[in-house]
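Chemist: Just passing along the structure, written as structure tokens.
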Amino acid sequence: MPACPTCGTTADTPTKVFTVIVEPKEGERGLTQRKVGMYQCSKCNTKFPIIVSRQKYLVVAEDQLRKIQRDLKDLKSTNEELEHKVDRLVKEQEELQETLRRKETESLVKQLEVKLNALEGQVSYLRKEKGELEEKVSKFR
């Protein structure tokens, strides 16, 4: 908040706001629009100006402005196309990741099935051996 230059009391709101266009100084380009607020101190009644905002404007030739506007329009359309491509690529990536997860799961299932078959083969072999051993033991009793 602005403070009174005389007594230092802060002022809340301006009593008036003016818009001023300032010509460029030598070596500068463009115009500057300033909004100046006139404040009045509630303690000592001193009136003082404070710049509320600034906006710079450049003056360009009409053909340059049209070229800039065309370029901007072209860039917007290119940007839209690129956004669509990125969206498609993101969807494709998600689909590929899902496919990869499914393939990994299928691969893991196949590996487990192979191990299961090997274990079942070993279990059947051990059962056969157990049966043969039980027969031999029963002969000796």
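Following the order of the structure tokens, first chain is A, next is B, and so on, with residues numbered from 1 inside each chain and ligands from 1 in the order they appear.
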Near region 3-7 of chain A, counting only C-alpha atoms, which residues have an atom at most 12 Å away, once you skip same-chain residues fewer than 4 positions from it, shown as a PyMOL selection string?
Modeler: chain A and resi 11-14+38-50
Chemist: Grab the residues selected above and save them as a compact mmCIF listing (two decimals), in the first residue's frame with N, CA and C atoms.
Modeler:
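Written file, part-v8.txt:
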```txt
# COMPACT_ATOMS: atom_id res chain seq x y z
N ALA A 11 -2.22 4.77 2.76
CA ALA A 11 -3.54 5.09 2.19
C ALA A 11 -4.11 3.83 1.59
N ASP A 12 -5.41 3.64 1.78
CA ASP A 12 -6.06 2.41 1.31
C ASP A 12 -6.42 2.45 -0.17
N THR A 13 -7.25 3.39 -0.55
CA THR A 13 -7.74 3.43 -1.93
C THR A 13 -7.54 4.82 -2.51
N PRO A 14 -7.33 4.88 -3.82
CA PRO A 14 -7.15 6.20 -4.45
C PRO A 14 -8.48 6.94 -4.54
N MET A 38 -4.60 8.96 -7.51
CA MET A 38 -4.42 10.12 -6.62
C MET A 38 -4.92 9.71 -5.25
N TYR A 39 -4.04 9.76 -4.29
CA TYR A 39 -4.35 9.37 -2.91
C TYR A 39 -4.39 10.62 -2.04
N GLN A 40 -5.17 10.54 -0.97
CA GLN A 40 -5.20 11.63 0.00
C GLN A 40 -4.96 11.02 1.37
N CYS A 41 -4.01 11.58 2.08
CA CYS A 41 -3.65 11.08 3.40
C CYS A 41 -4.78 11.39 4.37
N SER A 42 -5.18 10.42 5.16
CA SER A 42 -6.27 10.60 6.12
C SER A 42 -5.81 11.36 7.35
N LYS A 43 -4.51 11.45 7.55
CA LYS A 43 -3.96 12.11 8.74
C LYS A 43 -3.64 13.59 8.48
N CYS A 44 -2.89 13.86 7.39
CA CYS A 44 -2.45 15.24 7.14
C CYS A 44 -3.10 15.86 5.90
N ASN A 45 -4.00 15.15 5.24
CA ASN A 45 -4.73 15.60 4.04
C ASN A 45 -3.83 15.94 2.86
N THR A 46 -2.62 15.41 2.82
CA THR A 46 -1.73 15.63 1.68
C THR A 46 -2.21 14.77 0.52
N LYS A 47 -2.27 15.39 -0.67
CA LYS A 47 -2.62 14.65 -1.88
C LYS A 47 -1.33 14.27 -2.58
N PHE A 48 -1.26 12.99 -3.02
CA PHE A 48 -0.04 12.54 -3.70
C PHE A 48 -0.40 11.48 -4.74
N PRO A 49 0.35 11.48 -5.89
CA PRO A 49 0.09 10.49 -6.94
C PRO A 49 0.98 9.25 -6.78
N ILE A 50 0.43 8.10 -7.15
CA ILE A 50 1.18 6.83 -7.18
C ILE A 50 0.80 6.11 -8.47
```
Chemist: Find the distance between CA of Thr10 (chain A) and CA of Gln55 (chain A) and write it in Å to one decimal.
Modeler: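 Rounded to one decimal, the two atoms are 25.1 Å apart.
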Chemist: Which of chain A end up as strand (DSSP E) when DSSP is run on this backbone - answer as a VMD selection string?
Modeler: chain A and resid 16 to 22 31 to 40 47 to 57
Chemist: Which is closest to Glu23 (chain A) among A:Lys56, A:Arg102, A:Ser124, A:Val109, if we use only C-alpha atoms?
Modeler: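 So, comparing all the options, the nearest one is A:Lys56.
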Chemist: Go through chain A and collect every residue that DSSP, computed from the backbone, puts in helix (DSSP H, G or I); the answer should be as a ChimeraX atom specification.
Modeler: /A:62-140
Chemist: Go ahead and write the residues just picked, C-alpha atoms, as a PDB file, in the first residue's frame.
Modeler:
```pdb
ATOM      1  CA  GLU A  62      -0.086  -2.560 -40.600  1.00  0.00           C
ATOM      2  CA  ASP A  63       1.597  -5.069 -42.918  1.00  0.00           C
ATOM      3  CA  GLN A  64       3.848  -6.196 -40.057  1.00  0.00           C
ATOM      4  CA  LEU A  65       0.821  -6.579 -37.791  1.00  0.00           C
ATOM      5  CA  ARG A  66      -0.993  -8.690 -40.412  1.00  0.00           C
ATOM      6  CA  LYS A  67       2.098 -10.860 -40.882  1.00  0.00           C
ATOM      7  CA  ILE A  68       2.364 -11.348 -37.113  1.00  0.00           C
ATOM      8  CA  GLN A  69      -1.330 -12.229 -36.935  1.00  0.00           C
ATOM      9  CA  ARG A  70      -0.970 -14.756 -39.800  1.00  0.00           C
ATOM     10  CA  ASP A  71       2.074 -16.280 -38.145  1.00  0.00           C
ATOM     11  CA  LEU A  72       0.172 -16.503 -34.860  1.00  0.00           C
ATOM     12  CA  LYS A  73      -2.765 -18.201 -36.589  1.00  0.00           C
ATOM     13  CA  ASP A  74      -0.399 -20.687 -38.276  1.00  0.00           C
ATOM     14  CA  LEU A  75       1.321 -21.401 -34.977  1.00  0.00           C
ATOM     15  CA  LYS A  76      -2.023 -22.000 -33.258  1.00  0.00           C
ATOM     16  CA  SER A  77      -3.083 -24.523 -35.904  1.00  0.00           C
ATOM     17  CA  THR A  78       0.321 -26.235 -35.723  1.00  0.00           C
ATOM     18  CA  ASN A  79       0.020 -26.320 -31.946  1.00  0.00           C
ATOM     19  CA  GLU A  80      -3.426 -27.938 -32.165  1.00  0.00           C
ATOM     20  CA  GLU A  81      -2.095 -30.572 -34.570  1.00  0.00           C
ATOM     21  CA  LEU A  82       0.815 -31.300 -32.257  1.00  0.00           C
ATOM     22  CA  GLU A  83      -1.512 -31.565 -29.261  1.00  0.00           C
ATOM     23  CA  HIS A  84      -3.636 -34.122 -31.147  1.00  0.00           C
ATOM     24  CA  LYS A  85      -0.515 -36.092 -32.088  1.00  0.00           C
ATOM     25  CA  VAL A  86       0.695 -36.041 -28.490  1.00  0.00           C
ATOM     26  CA  ASP A  87      -2.729 -37.247 -27.301  1.00  0.00           C
ATOM     27  CA  ARG A  88      -2.626 -40.090 -29.834  1.00  0.00           C
ATOM     28  CA  LEU A  89       0.913 -41.006 -28.800  1.00  0.00           C
ATOM     29  CA  VAL A  90      -0.069 -41.025 -25.131  1.00  0.00           C
ATOM     30  CA  LYS A  91      -2.982 -43.357 -25.902  1.00  0.00           C
ATOM     31  CA  GLU A  92      -0.728 -45.606 -27.980  1.00  0.00           C
ATOM     32  CA  GLN A  93       1.828 -45.680 -25.185  1.00  0.00           C
ATOM     33  CA  GLU A  94      -0.846 -46.669 -22.664  1.00  0.00           C
ATOM     34  CA  GLU A  95      -2.072 -49.427 -24.990  1.00  0.00           C
ATOM     35  CA  LEU A  96       1.486 -50.681 -25.527  1.00  0.00           C
ATOM     36  CA  GLN A  97       2.139 -50.693 -21.801  1.00  0.00           C
ATOM     37  CA  GLU A  98      -1.054 -52.669 -21.217  1.00  0.00           C
ATOM     38  CA  THR A  99      -0.054 -55.121 -23.957  1.00  0.00           C
ATOM     39  CA  LEU A 100       3.401 -55.434 -22.398  1.00  0.00           C
ATOM     40  CA  ARG A 101       1.856 -56.172 -18.985  1.00  0.00           C
ATOM     41  CA  ARG A 102      -0.400 -58.833 -20.528  1.00  0.00           C
ATOM     42  CA  LYS A 103       2.539 -60.424 -22.373  1.00  0.00           C
ATOM     43  CA  GLU A 104       4.640 -60.440 -19.211  1.00  0.00           C
ATOM     44  CA  THR A 105       1.767 -62.083 -17.324  1.00  0.00           C
ATOM     45  CA  GLU A 106       1.313 -64.676 -20.086  1.00  0.00           C
ATOM     46  CA  SER A 107       5.045 -65.367 -20.089  1.00  0.00           C
ATOM     47  CA  LEU A 108       5.056 -65.808 -16.322  1.00  0.00           C
ATOM     48  CA  VAL A 109       2.064 -68.163 -16.550  1.00  0.00           C
ATOM     49  CA  LYS A 110       3.836 -70.244 -19.206  1.00  0.00           C
ATOM     50  CA  GLN A 111       6.986 -70.439 -17.074  1.00  0.00           C
ATOM     51  CA  LEU A 112       4.921 -71.535 -14.092  1.00  0.00           C
ATOM     52  CA  GLU A 113       3.115 -74.144 -16.209  1.00  0.00           C
ATOM     53  CA  VAL A 114       6.464 -75.553 -17.356  1.00  0.00           C
ATOM     54  CA  LYS A 115       7.638 -75.736 -13.730  1.00  0.00           C
ATOM     55  CA  LEU A 116       4.316 -77.328 -12.732  1.00  0.00           C
ATOM     56  CA  ASN A 117       4.682 -79.998 -15.409  1.00  0.00           C
ATOM     57  CA  ALA A 118       8.251 -80.700 -14.308  1.00  0.00           C
ATOM     58  CA  LEU A 119       7.156 -80.962 -10.662  1.00  0.00           C
ATOM     59  CA  GLU A 120       4.224 -83.222 -11.568  1.00  0.00           C
ATOM     60  CA  GLY A 121       6.635 -85.452 -13.474  1.00  0.00           C
ATOM     61  CA  GLN A 122       8.948 -85.615 -10.459  1.00  0.00           C
ATOM     62  CA  VAL A 123       6.004 -86.301  -8.112  1.00  0.00           C
ATOM     63  CA  SER A 124       4.776 -89.160 -10.289  1.00  0.00           C
ATOM     64  CA  TYR A 125       8.337 -90.578 -10.437  1.00  0.00           C
ATOM     65  CA  LEU A 126       8.635 -90.346  -6.647  1.00  0.00           C
ATOM     66  CA  ARG A 127       5.232 -92.009  -6.174  1.00  0.00           C
ATOM     67  CA  LYS A 128       6.306 -94.853  -8.448  1.00  0.00           C
ATOM     68  CA  GLU A 129       9.573 -95.211  -6.507  1.00  0.00           C
ATOM     69  CA  LYS A 130       7.631 -95.139  -3.237  1.00  0.00           C
ATOM     70  CA  GLY A 131       5.328 -97.873  -4.483  1.00  0.00           C
ATOM     71  CA  GLU A 132       8.270-100.033  -5.534  1.00  0.00           C
ATOM     72  CA  LEU A 133      10.008 -99.498  -2.204  1.00  0.00           C
ATOM     73  CA  GLU A 134       6.839-100.367  -0.278  1.00  0.00           C
ATOM     74  CA  GLU A 135       6.581-103.618  -2.291  1.00  0.00           C
ATOM     75  CA  LYS A 136      10.167-104.541  -1.460  1.00  0.00           C
ATOM     76  CA  VAL A 137       9.633-103.745   2.209  1.00  0.00           C
ATOM     77  CA  SER A 138       6.436-105.829   2.312  1.00  0.00           C
ATOM     78  CA  LYS A 139       8.328-108.830   0.871  1.00  0.00           C
ATOM     79  CA  PHE A 140      10.823-108.679   3.705  1.00  0.00           C
TER      80      PHE A 140
END
```
Chemist: Would you mind reading off the distance between CA of Val60 (chain A) and CA of Arg34 (chain A), one decimal, in Å?
Modeler: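 Atom-to-atom, CA of Val60 (chain A) and CA of Arg34 (chain A) are spaced 20.1 Å apart.
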Chemist: Can you work out the spacing between CA of Ile21 (chain A) and CA of Val36 (chain A) in Å, to one decimal?
Modeler: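 Between CA of Ile21 (chain A) and CA of Val36 (chain A) the gap works out to 10.6 Å.
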Chemist: Can you tell me which residues surround Val22 (chain A) at a distance of at most 10 Å, considering only C-alpha atoms, apart from same-chain residues fewer than 2 positions away, and format the answer as number ranges by chain?
Modeler: A: 19-20, 24-25, 30-34, 56
